[in-house]
$ cat start32.pdb   # PDB, C-alpha atoms and all ligand atoms
ATOM      1  CA  MET A1349      35.978 -37.644  -1.280
ATOM      2  CA  PHE A1350      34.823 -39.529   1.784
ATOM      3  CA  VAL A1351      35.876 -43.040   2.818
ATOM      4  CA  SER A1352      32.717 -44.835   3.857
ATOM      5  CA  ALA A1353      31.969 -48.139   5.580
ATOM      6  CA  ARG A1354      28.904 -49.639   3.966
ATOM      7  CA  SER A1355      27.790 -52.971   5.321
ATOM      8  CA  PHE A1356      27.510 -56.441   3.820
ATOM      9  CA  GLU A1357      23.701 -56.104   4.007
ATOM     10  CA  GLU A1358      23.849 -52.838   2.058
ATOM     11  CA  TYR A1359      26.031 -54.465  -0.604
ATOM     12  CA  ARG A1360      23.563 -57.352  -0.865
ATOM     13  CA  ALA A1361      20.738 -54.872  -1.454
ATOM     14  CA  MET A1362      22.592 -52.349  -3.663
ATOM     15  CA  PHE A1363      23.852 -55.089  -5.987
ATOM     16  CA  SER A1364      20.943 -57.570  -5.673
ATOM     17  CA  LEU A1365      23.462 -60.237  -4.643
ATOM     18  CA  SER A1366      22.107 -63.805  -4.642
ATOM     19  CA  ASP A1367      23.598 -66.745  -2.726
ATOM     20  CA  HIS A1368      25.043 -67.911  -6.062
ATOM     21  CA  ASP A1369      26.722 -64.507  -6.596
ATOM     22  CA  LEU A1370      28.353 -64.890  -3.186
ATOM     23  CA  SER A1371      29.873 -68.230  -4.225
ATOM     24  CA  LEU A1372      31.882 -66.451  -6.976
ATOM     25  CA  ARG A1373      35.295 -64.805  -6.836
ATOM     26  CA  ILE A1374      34.430 -61.158  -6.149
ATOM     27  CA  LEU A1375      36.326 -57.858  -6.317
ATOM     28  CA  ASP A1376      35.090 -54.838  -4.343
ATOM     29  CA  CYS A1377      36.451 -51.679  -6.045
ATOM     30  CA  PRO A1378      36.671 -49.321  -4.223
ATOM     31  CA  GLY A1379      36.494 -51.112  -0.887
ATOM     32  CA  GLY A1380      36.983 -48.031   1.332
ATOM     33  CA  ALA A1381      36.265 -49.085   4.921
ATOM     34  CA  ALA A1382      33.266 -51.205   3.859
ATOM     35  CA  GLY A1383      32.588 -54.399   5.772
ATOM     36  CA  PHE A1384      31.713 -56.364   2.628
ATOM     37  CA  VAL A1385      34.932 -58.383   2.201
ATOM     38  CA  ALA A1386      35.148 -59.085   5.946
ATOM     39  CA  GLU A1387      31.553 -60.201   6.342
ATOM     40  CA  ALA A1388      31.404 -62.066   3.013
ATOM     41  CA  GLY A1389      34.685 -63.780   3.968
ATOM     42  CA  ALA A1390      33.212 -64.838   7.318
ATOM     43  CA  ARG A1391      30.424 -66.528   5.311
ATOM     44  CA  GLY A1392      33.025 -68.407   3.216
ATOM     45  CA  ALA A1393      33.039 -66.088   0.185
ATOM     46  CA  ASP A1394      36.201 -65.467  -1.858
ATOM     47  CA  ALA A1395      36.248 -61.656  -1.943
ATOM     48  CA  VAL A1396      39.059 -59.112  -2.328
ATOM     49  CA  ALA A1397      38.960 -55.301  -2.032
ATOM     50  CA  VAL A1398      41.104 -52.672  -3.734
ATOM     51  CA  ASP A1399      41.412 -48.998  -2.823
ATOM     52  CA  PRO A1400      44.145 -46.316  -2.991
ATOM     53  CA  GLN A1401      43.803 -46.001   0.803
ATOM     54  CA  TYR A1402      45.160 -49.527   1.386
ATOM     55  CA  GLY A1403      48.785 -48.386   1.375
ATOM     56  CA  PRO A1404      50.778 -47.682   4.554
ATOM     57  CA  GLY A1405      48.523 -46.711   7.465
ATOM     58  CA  ARG A1406      45.539 -48.726   6.280
ATOM     59  CA  GLU A1407      45.298 -50.377   9.743
ATOM     60  CA  GLY A1408      43.976 -47.043  11.030
ATOM     61  CA  LEU A1409      41.213 -46.769   8.412
ATOM     62  CA  GLY A1410      38.639 -48.780  10.376
ATOM     63  CA  GLU A1411      39.074 -46.562  13.440
ATOM     64  CA  LEU A1412      38.858 -43.383  11.312
ATOM     65  CA  ALA A1413      35.685 -44.659   9.648
ATOM     66  CA  LEU A1414      34.208 -45.492  13.055
ATOM     67  CA  ARG A1415      34.854 -41.992  14.378
ATOM     68  CA  GLU A1416      33.523 -40.482  11.148
ATOM     69  CA  ASN A1417      30.322 -42.456  11.564
ATOM     70  CA  GLU A1418      29.818 -41.326  15.133
ATOM     71  CA  HIS A1419      30.462 -37.736  14.043
ATOM     72  CA  LYS A1420      27.926 -38.051  11.191
ATOM     73  CA  HIS A1421      25.151 -39.388  13.421
ATOM     74  CA  ALA A1422      24.111 -36.001  14.867
ATOM     75  CA  GLU A1423      23.951 -34.530  11.352
ATOM     76  CA  LEU A1424      21.830 -37.468  10.150
ATOM     77  CA  VAL A1425      19.361 -36.967  12.987
ATOM     78  CA  GLU A1426      19.198 -33.235  12.334
ATOM     79  CA  ARG A1427      18.695 -33.669   8.563
ATOM     80  CA  ALA A1428      16.653 -36.883   8.759
ATOM     81  CA  GLY A1429      13.937 -35.425   6.513
ATOM     82  CA  GLU A1430      16.369 -35.289   3.571
ATOM     83  CA  TYR A1431      16.820 -39.073   3.418
ATOM     84  CA  ASP A1432      14.709 -42.078   2.518
ATOM     85  CA  TRP A1433      14.654 -44.344   5.593
ATOM     86  CA  SER A1434      12.568 -47.123   4.062
ATOM     87  CA  TRP A1435      15.581 -49.454   3.943
ATOM     88  CA  PHE A1436      17.478 -48.479   7.124
ATOM     89  CA  GLY A1437      14.471 -47.784   9.319
ATOM     90  CA  GLY A1438      16.114 -44.679  10.840
ATOM     91  CA  PRO A1439      19.408 -42.989  11.777
ATOM     92  CA  ALA A1440      20.042 -45.288  14.776
ATOM     93  CA  ARG A1441      20.104 -48.455  12.653
ATOM     94  CA  TYR A1442      22.166 -46.671   9.973
ATOM     95  CA  THR A1443      24.858 -45.702  12.480
ATOM     96  CA  ARG A1444      24.801 -49.131  14.144
ATOM     97  CA  MET A1445      25.261 -50.946  10.816
ATOM     98  CA  ARG A1446      28.014 -48.644   9.538
ATOM     99  CA  SER A1447      29.891 -48.783  12.853
ATOM    100  CA  ARG A1448      29.714 -52.576  12.886
ATOM    101  CA  SER A1449      31.093 -52.580   9.324
ATOM    102  CA  ALA A1450      33.966 -50.255  10.192
ATOM    103  CA  ARG A1451      34.892 -52.567  13.106
ATOM    104  CA  ALA A1452      34.612 -55.691  10.926
ATOM    105  CA  PHE A1453      36.763 -54.002   8.275
ATOM    106  CA  GLY A1454      39.449 -53.003  10.830
ATOM    107  CA  ALA A1455      39.615 -56.501  12.303
ATOM    108  CA  ASP A1456      39.746 -58.167   8.867
ATOM    109  CA  VAL A1457      42.501 -55.880   7.538
ATOM    110  CA  ALA A1458      44.591 -56.961  10.545
ATOM    111  CA  ALA A1459      43.685 -60.670  10.224
ATOM    112  CA  ARG A1460      43.724 -61.060   6.413
ATOM    113  CA  PRO A1461      45.825 -58.190   4.977
ATOM    114  CA  GLY A1462      46.227 -59.963   1.633
ATOM    115  CA  ARG A1463      42.525 -59.419   0.936
ATOM    116  CA  TYR A1464      43.045 -55.615   0.857
ATOM    117  CA  VAL A1465      45.113 -54.501  -2.124
ATOM    118  CA  ALA A1466      46.381 -50.954  -2.748
ATOM    119  CA  GLY A1467      45.425 -49.735  -6.213
ATOM    120  CA  SER A1468      43.578 -47.052  -8.142
ATOM    121  CA  LEU A1469      41.335 -46.875 -11.132
ATOM    122  CA  PRO A1470      41.966 -46.720 -14.003
ATOM    123  CA  ASP A1471      44.981 -49.034 -13.433
ATOM    124  CA  LEU A1472      44.201 -51.985 -11.205
ATOM    125  CA  PRO A1473      46.964 -54.379 -10.112
ATOM    126  CA  PHE A1474      45.179 -57.537 -11.332
ATOM    127  CA  ALA A1475      45.546 -59.744 -14.398
ATOM    128  CA  ASP A1476      42.823 -59.768 -17.066
ATOM    129  CA  ARG A1477      39.672 -61.690 -16.087
ATOM    130  CA  SER A1478      40.807 -62.296 -12.486
ATOM    131  CA  PHE A1479      37.287 -62.124 -10.970
ATOM    132  CA  ASP A1480      33.842 -63.530 -11.732
ATOM    133  CA  LEU A1481      32.046 -60.500 -10.376
ATOM    134  CA  VAL A1482      33.264 -56.942  -9.775
ATOM    135  CA  LEU A1483      31.259 -54.629  -7.497
ATOM    136  CA  SER A1484      31.760 -50.877  -7.532
ATOM    137  CA  SER A1485      29.866 -48.644  -5.133
ATOM    138  CA  HIS A1486      29.892 -44.887  -4.626
ATOM    139  CA  LEU A1487      32.809 -43.829  -6.805
ATOM    140  CA  LEU A1488      31.952 -43.882 -10.518
ATOM    141  CA  PHE A1489      28.920 -41.709 -11.354
ATOM    142  CA  SER A1490      28.617 -40.589  -7.694
ATOM    143  CA  TYR A1491      31.626 -38.300  -8.152
ATOM    144  CA  GLY A1492      30.688 -37.444 -11.747
ATOM    145  CA  GLU A1493      31.249 -33.729 -11.171
ATOM    146  CA  GLN A1494      34.773 -34.261  -9.813
ATOM    147  CA  LEU A1495      36.001 -37.150 -11.980
ATOM    148  CA  GLY A1496      36.156 -36.438 -15.727
ATOM    149  CA  GLU A1497      34.317 -38.279 -18.502
ATOM    150  CA  GLY A1498      37.630 -39.631 -19.865
ATOM    151  CA  TRP A1499      38.438 -41.016 -16.430
ATOM    152  CA  HIS A1500      35.016 -42.654 -16.216
ATOM    153  CA  ARG A1501      35.448 -44.342 -19.613
ATOM    154  CA  ASP A1502      38.923 -45.650 -18.675
ATOM    155  CA  ALA A1503      37.731 -46.752 -15.233
ATOM    156  CA  LEU A1504      34.791 -48.692 -16.700
ATOM    157  CA  LEU A1505      37.046 -50.432 -19.243
ATOM    158  CA  GLU A1506      39.463 -51.321 -16.447
ATOM    159  CA  LEU A1507      36.707 -52.839 -14.286
ATOM    160  CA  VAL A1508      35.599 -54.834 -17.365
ATOM    161  CA  ARG A1509      39.178 -55.968 -18.032
ATOM    162  CA  VAL A1510      39.531 -57.651 -14.641
ATOM    163  CA  SER A1511      36.112 -59.391 -14.799
ATOM    164  CA  ARG A1512      35.278 -62.593 -16.646
ATOM    165  CA  GLY A1513      31.595 -62.332 -15.693
ATOM    166  CA  GLN A1514      29.884 -59.120 -14.669
ATOM    167  CA  VAL A1515      30.606 -55.655 -13.304
ATOM    168  CA  ARG A1516      27.837 -54.100 -11.194
ATOM    169  CA  LEU A1517      27.893 -50.412 -10.283
ATOM    170  CA  TYR A1518      25.755 -48.458  -7.829
ATOM    171  CA  PRO A1519      24.449 -45.741  -7.737
ATOM    172  CA  LEU A1520      23.977 -44.103 -11.130
ATOM    173  CA  PHE A1521      23.285 -40.657  -9.653
ATOM    174  CA  GLN A1522      25.779 -37.959  -8.671
ATOM    175  CA  HIS A1523      25.998 -37.295  -4.948
ATOM    176  CA  THR A1524      26.097 -33.545  -5.575
ATOM    177  CA  SER A1525      22.673 -33.385  -7.306
ATOM    178  CA  ASN A1526      21.035 -36.790  -6.749
ATOM    179  CA  LYS A1527      20.477 -36.733 -10.549
ATOM    180  CA  ARG A1528      21.618 -39.445 -12.928
ATOM    181  CA  TYR A1529      25.193 -39.119 -14.241
ATOM    182  CA  PRO A1530      24.635 -37.117 -17.474
ATOM    183  CA  ALA A1531      27.097 -39.091 -19.667
ATOM    184  CA  LEU A1532      25.750 -42.519 -18.660
ATOM    185  CA  GLU A1533      24.261 -43.344 -22.081
ATOM    186  CA  ARG A1534      27.488 -42.281 -23.855
ATOM    187  CA  MET A1535      29.421 -44.610 -21.519
ATOM    188  CA  ARG A1536      27.037 -47.470 -22.281
ATOM    189  CA  GLU A1537      27.430 -46.896 -26.052
ATOM    190  CA  SER A1538      31.254 -46.955 -25.734
ATOM    191  CA  LEU A1539      31.029 -50.193 -23.772
ATOM    192  CA  ALA A1540      28.670 -51.772 -26.332
ATOM    193  CA  GLU A1541      31.249 -50.971 -29.044
ATOM    194  CA  CYS A1542      33.753 -53.027 -27.011
ATOM    195  CA  GLY A1543      31.416 -56.042 -26.853
ATOM    196  CA  VAL A1544      30.050 -55.193 -23.401
ATOM    197  CA  PRO A1545      26.242 -55.037 -23.293
ATOM    198  CA  SER A1546      24.766 -53.346 -20.249
ATOM    199  CA  ARG A1547      21.437 -52.874 -18.525
ATOM    200  CA  VAL A1548      20.039 -50.689 -15.774
ATOM    201  CA  GLU A1549      18.213 -52.527 -12.979
ATOM    202  CA  ARG A1550      16.197 -51.137 -10.091
ATOM    203  CA  VAL A1551      17.354 -52.453  -6.716
ATOM    204  CA  ASP A1552      15.767 -52.797  -3.316
ATOM    205  CA  TYR A1553      17.893 -50.240  -1.450
ATOM    206  CA  ALA A1554      17.205 -46.641  -0.526
ATOM    207  CA  PHE A1555      18.926 -43.846   1.332
ATOM    208  CA  ALA A1556      19.988 -40.755  -0.662
ATOM    209  CA  PRO A1557      17.082 -39.354  -2.668
ATOM    210  CA  GLY A1558      18.281 -40.496  -6.153
ATOM    211  CA  ASP A1559      16.797 -43.439  -8.094
ATOM    212  CA  PRO A1560      17.974 -46.774  -6.628
ATOM    213  CA  GLU A1561      19.420 -48.256  -9.833
ATOM    214  CA  MET A1562      22.512 -50.310 -10.619
ATOM    215  CA  LEU A1563      24.309 -50.728 -13.939
ATOM    216  CA  VAL A1564      25.156 -54.321 -14.919
ATOM    217  CA  LEU A1565      27.921 -54.908 -17.488
ATOM    218  CA  GLU A1566      28.240 -58.319 -19.177
ATOM    219  CA  CYS A1567      31.958 -58.847 -19.750
ATOM    220  CA  ALA A1568      32.213 -62.351 -21.287
ATOM    221  CA  GLY A1569      32.526 -61.028 -24.864
ATOM    222  CA  ALA A1570      34.602 -57.933 -24.054
ATOM    223  CA  ARG A1571      37.337 -56.872 -26.480
ATOM    224  CA  ALA A1572      39.899 -54.067 -26.180
ATOM    225  CA  PRO A1573      38.648 -50.741 -27.593
ATOM    226  CA  ALA A1574      39.862 -49.924 -31.136
ATOM    227  CA  GLY A1575      42.961 -47.683 -31.001
ATOM    228  CA  ALA A1576      42.901 -47.862 -27.214
ATOM    229  CA  SER A1577      44.760 -44.982 -25.669
ATOM    230  CA  ARG A1578      44.609 -43.578 -22.191
ATOM    231  CA  GLU A1579      45.705 -40.148 -23.370
ATOM    232  CA  GLY A1580      43.333 -37.472 -22.192
ATOM    233  CA  GLY A1581      41.972 -40.056 -19.791
ATOM    234  CA  GLY A1582      41.278 -37.356 -17.262
ATOM    235  CA  THR A1583      43.868 -38.273 -14.645
ATOM    236  CA  SER A1584      44.169 -34.686 -13.461
ATOM    237  CA  ALA A1585      40.375 -34.398 -13.242
ATOM    238  CA  ALA A1586      40.469 -37.553 -11.095
ATOM    239  CA  PHE A1587      42.205 -35.801  -8.222
ATOM    240  CA  ASP A1588      39.781 -35.551  -5.357
ATOM    241  CA  PRO A1589      41.512 -35.650  -1.955
ATOM    242  CA  VAL A1590      40.133 -37.875   0.784
ATOM    243  CA  ARG A1591      38.373 -36.020   3.587
ATOM    244  CA  TRP A1592      37.381 -36.993   7.120
ATOM    245  CA  ARG A1593      34.650 -34.699   8.445
ATOM    246  CA  HIS A1594      35.357 -35.547  12.088
ATOM    247  CA  LEU A1595      38.993 -34.398  11.745
ATOM    248  CA  GLU A1596      37.935 -31.185   9.993
ATOM    249  CA  ALA A1597      35.484 -30.483  12.832
ATOM    250  CA  GLU A1598      38.265 -30.930  15.409
ATOM    251  CA  ARG A1599      40.428 -28.209  13.838
TER     252      ARG A1599
HETATM  253  C1  LIG B   1      32.617 -43.208  -0.816
HETATM  254  S1  LIG B   1      33.909 -44.389  -0.655
HETATM  255  C2  LIG B   1      33.065 -45.879  -1.092
HETATM  256  C3  LIG B   1      33.681 -47.086  -0.391
HETATM  257  C4  LIG B   1      32.815 -48.353  -0.391
HETATM  258  N1  LIG B   1      32.548 -48.840  -1.724
HETATM  259  C5  LIG B   1      31.512 -48.118   0.339
HETATM  260  O1  LIG B   1      30.471 -48.096  -0.338
HETATM  261  O2  LIG B   1      31.525 -47.953   1.561
HETATM  262  C6  LIG B   1      34.891 -43.995  -2.066
HETATM  263  C7  LIG B   1      36.251 -44.690  -2.097
HETATM  264  O3  LIG B   1      36.846 -44.509  -3.379
HETATM  265  C8  LIG B   1      38.242 -44.561  -3.191
HETATM  266  N2  LIG B   1      38.894 -44.003  -4.397
HETATM  267  C9  LIG B   1      39.198 -42.718  -4.668
HETATM  268  N3  LIG B   1      39.787 -42.620  -5.875
HETATM  269  C10 LIG B   1      39.867 -43.882  -6.374
HETATM  270  C11 LIG B   1      40.399 -44.442  -7.564
HETATM  271  N4  LIG B   1      40.950 -43.671  -8.524
HETATM  272  N5  LIG B   1      40.316 -45.781  -7.742
HETATM  273  C12 LIG B   1      39.747 -46.573  -6.803
HETATM  274  N6  LIG B   1      39.232 -46.093  -5.644
HETATM  275  C13 LIG B   1      39.286 -44.765  -5.434
HETATM  276  C14 LIG B   1      38.447 -43.737  -1.930
HETATM  277  O4  LIG B   1      39.705 -44.015  -1.324
HETATM  278  C15 LIG B   1      37.259 -44.177  -1.072
HETATM  279  O5  LIG B   1      37.626 -45.222  -0.203
END
$ encode --input "start32.pdb" --output "structure tokens"
Amino acid sequence: MFVSARSFEEYRAMFSLSDHDLSLRILDCPGGAAGFVAEAGARGADAVAVDPQYGPGREGLGELALRENEHKHAELVERAGEYDWSWFGGPARYTRMRSRSARAFGADVAARPGRYVAGSLPDLPFADRSFDLVLSSHLLFSYGEQLGEGWHRDALLELVRVSRGQVRLYPLFQHTSNKRYPALERMRESLAECGVPSRVERVDYAFAPGDPEMLVLECAGARAPAGASREGGGTSAAFDPVRWRHLEAER
């Protein structure tokens, strides 16, 4: 699994965030080295990020993400035909935006460490209904081939547990195939049984060649699943070690 540094502007587009949304208490899960919390915070928003990488050594994450981005640029240029550049405009703007995000992330982690909390799905270190809006980009569904269906169900219920408003997830396609996560409808049915209606919305963002869609979960009427048990929740299937391509290339 890669640790990426998407920008505030990408988050706005991926999640169709309005000015009202940005006035809410927001959780970014997983935050990775994204610049969302830093840049939203600079605009006065009350946002927090959680990620397993925010333990000891997290101060170095911004720098690692920056180097990763620079490393990826040549590959992006070489394989430019495989991507949809209608949103970014081209590889140069992509790399500029992601590098700016990695720098903003690094500076914010140092300045406001309390905004970056170490934690992993499906067990987040927050009380029930702690946030108005929970954003989740490029973990669930993206890594559908690595992370089991049981893990996905538990992770979705956990994101719902900590939200009193909505959970929004992007994308709905697996990064390995660019095809929609095959168990998506089963997940939506399980959520509906727990009082969580959902809808799929098209968003104004493009890059990888899958459909640009987000899943919106309405959490206000959520109730705990009947006979809730995390057994068989797929923890072992959830193991997917973090990789940095630029360090692998140096070996
Ligand atoms: C591809 S990055 C996405 C980061 C950010 N949302 C973005 O779009 O730039 C995936 C992140 O998921 C984190 N991650 C891996 N396993 C996780 C888990 N069980 N719970 C929460 N985050 C996890 C990784 O540490 C990594 O930072």
$ residues_near_ligand --input "start32.pdb" --ligand "ligand LIG 1 (chain B)" --cutoff "7 Å" --atoms "all atoms listed in the file" --output "VMD selection string"
chain A and resid 1349 to 1354 1377 to 1382 1398 to 1401 1467 to 1470 1484 to 1487 1586 1590
$ atom_distance --input "start32.pdb" --atom1 "atom CA of Val1544 of chain A" --atom2 "atom CA of Glu1493 of chain A"
24.7 Å
$ residues_around --input "start32.pdb" --residues "Gly1429 of chain A" --least-positions-apart "2" --cutoff "12 Å" --atoms "only C-alpha atoms" --output "JSON list (two decimals) with C-alpha atoms, in the frame of the given file"
[["chain", "number", "residue", "atom", "x", "y", "z"],
["A", 1423, "GLU", "CA", 23.95, -34.53, 11.35],
["A", 1424, "LEU", "CA", 21.83, -37.47, 10.15],
["A", 1425, "VAL", "CA", 19.36, -36.97, 12.99],
["A", 1426, "GLU", "CA", 19.20, -33.24, 12.33],
["A", 1427, "ARG", "CA", 18.70, -33.67, 8.56],
["A", 1431, "TYR", "CA", 16.82, -39.07, 3.42],
["A", 1432, "ASP", "CA", 14.71, -42.08, 2.52],
["A", 1433, "TRP", "CA", 14.65, -44.34, 5.59],
["A", 1438, "GLY", "CA", 16.11, -44.68, 10.84],
["A", 1439, "PRO", "CA", 19.41, -42.99, 11.78],
["A", 1555, "PHE", "CA", 18.93, -43.85, 1.33],
["A", 1556, "ALA", "CA", 19.99, -40.76, -0.66],
["A", 1557, "PRO", "CA", 17.08, -39.35, -2.67]]
$ atom_distance --input "start32.pdb" --atom1 "atom CA of Arg1415 of chain A" --atom2 "atom CA of Arg1593 of chain A"
9.4 Å
$ atom_distance --input "start32.pdb" --atom1 "atom CA of Cys1542 of chain A" --atom2 "atom CA of Ser1364 of chain A"
25.3 Å
$ residues_near_point --input "start32.pdb" --point "(30.1, -61.7, -15.8)" --cutoff "9 Å" --atoms "all atoms listed in the file" --output "NGL selection string"
:A and (1479-1482 or 1508 or 1511-1515 or 1564-1568)
$ closest_residue --input "start32.pdb" --among "A:Ala1503, A:Met1362, A:Ala1397, A:Ala1572" --to "Trp1435 of chain A" --atoms "all atoms listed in the file"
A:Met1362
$ residues_near_point --input "start32.pdb" --point "(42.8, -57.3, -8.9)" --cutoff "8 Å" --atoms "all atoms listed in the file" --output "VMD selection string"
chain A and resid 1375 1396 1398 1465 1472 to 1475 1478 to 1479 1510
$ residues_around --input "start32.pdb" --residues "Leu1372 of chain A" --least-positions-apart "2" --cutoff "9 Å" --atoms "all atoms listed in the file" --output "list in words"
His1368, Asp1369, Leu1370, Ile1374, Ala1393, Asp1394, Ala1395, Phe1479, Asp1480 and Leu1481 of chain A
$ closest_residue --input "start32.pdb" --among "A:Leu1507, A:Leu1488, A:Ala1361, A:Val1457" --to "Leu1409 of chain A" --atoms "all atoms listed in the file"
A:Val1457
$ closest_residue --input "start32.pdb" --among "A:Pro1573, A:Gly1558, A:Gly1408, A:Gly1389" --to "Ser1538 of chain A" --atoms "only C-alpha atoms"
A:Pro1573
$ residues_around --input "start32.pdb" --residues "Ala1458 of chain A" --least-positions-apart "3" --cutoff "12 Å" --atoms "all atoms listed in the file" --output "PDB file with C-alpha atoms, in the coordinates of the input"
ATOM      1  CA  ALA A1386      35.148 -59.085   5.946  1.00  0.00           C
ATOM      2  CA  TYR A1402      45.160 -49.527   1.386  1.00  0.00           C
ATOM      3  CA  GLY A1405      48.523 -46.711   7.465  1.00  0.00           C
ATOM      4  CA  ARG A1406      45.539 -48.726   6.280  1.00  0.00           C
ATOM      5  CA  GLU A1407      45.298 -50.377   9.743  1.00  0.00           C
ATOM      6  CA  GLY A1408      43.976 -47.043  11.030  1.00  0.00           C
ATOM      7  CA  LEU A1409      41.213 -46.769   8.412  1.00  0.00           C
ATOM      8  CA  GLY A1410      38.639 -48.780  10.376  1.00  0.00           C
ATOM      9  CA  ARG A1451      34.892 -52.567  13.106  1.00  0.00           C
ATOM     10  CA  ALA A1452      34.612 -55.691  10.926  1.00  0.00           C
ATOM     11  CA  PHE A1453      36.763 -54.002   8.275  1.00  0.00           C
ATOM     12  CA  GLY A1454      39.449 -53.003  10.830  1.00  0.00           C
ATOM     13  CA  ALA A1455      39.615 -56.501  12.303  1.00  0.00           C
ATOM     14  CA  PRO A1461      45.825 -58.190   4.977  1.00  0.00           C
ATOM     15  CA  GLY A1462      46.227 -59.963   1.633  1.00  0.00           C
ATOM     16  CA  ARG A1463      42.525 -59.419   0.936  1.00  0.00           C
ATOM     17  CA  TYR A1464      43.045 -55.615   0.857  1.00  0.00           C
TER      18      TYR A1464
END
$ residues_around --input "start32.pdb" --residues "Glu1541 of chain A" --least-positions-apart "4" --cutoff "10 Å" --atoms "all atoms listed in the file" --output "mmCIF file with C-alpha atoms, keeping the file's coordinate frame"
data_model
loop_
_atom_site.group_PDB
_atom_site.id
_atom_site.type_symbol
_atom_site.label_atom_id
_atom_site.label_comp_id
_atom_site.auth_asym_id
_atom_site.auth_seq_id
_atom_site.Cartn_x
_atom_site.Cartn_y
_atom_site.Cartn_z
ATOM 1 C CA ARG A 1536 27.037 -47.470 -22.281
ATOM 2 C CA GLU A 1537 27.430 -46.896 -26.052
ATOM 3 C CA PRO A 1545 26.242 -55.037 -23.293
ATOM 4 C CA ALA A 1570 34.602 -57.933 -24.054
ATOM 5 C CA ARG A 1571 37.337 -56.872 -26.480
ATOM 6 C CA ALA A 1572 39.899 -54.067 -26.180
ATOM 7 C CA PRO A 1573 38.648 -50.741 -27.593
ATOM 8 C CA ALA A 1574 39.862 -49.924 -31.136
#
$ closest_residue --input "start32.pdb" --among "A:Ala1440, A:Leu1412, A:Ala1450, A:Leu1495" --to "Glu1387 of chain A" --atoms "only C-alpha atoms"
A:Ala1450
$ closest_residue --input "start32.pdb" --among "A:Glu1418, A:Glu1358, A:Asp1376, A:Glu1430" --to "Leu1483 of chain A" --atoms "only C-alpha atoms"
A:Asp1376
$ resolve_selection --input "start32.pdb" --expression "the PyMOL selection byres (((chain A and resi 1549) around 12) and not hetatm)" --output "list in words"
Met1362, Phe1363, Ser1364, Arg1516, Leu1517, Tyr1518, Pro1519, Leu1520, Ser1546, Arg1547, Val1548, Arg1550, Val1551, Asp1552, Tyr1553, Asp1559, Pro1560, Glu1561, Met1562, Leu1563, Val1564 and Leu1565 of chain A
$ axis_aligned_box --input "start32.pdb" --around "segment 1564-1575 of chain A" --padding-each-side "4 Å" --output "JSON"
{"center_x": 34.1, "center_y": -55.0, "center_z": -23.0, "size_x": 25.8, "size_y": 22.7, "size_z": 24.2}
$ closest_residue --input "start32.pdb" --among "A:Ala1531, A:Leu1365, A:Ala1597, A:Leu1505" --to "Gly1543 of chain A" --atoms "all atoms listed in the file"
A:Leu1505
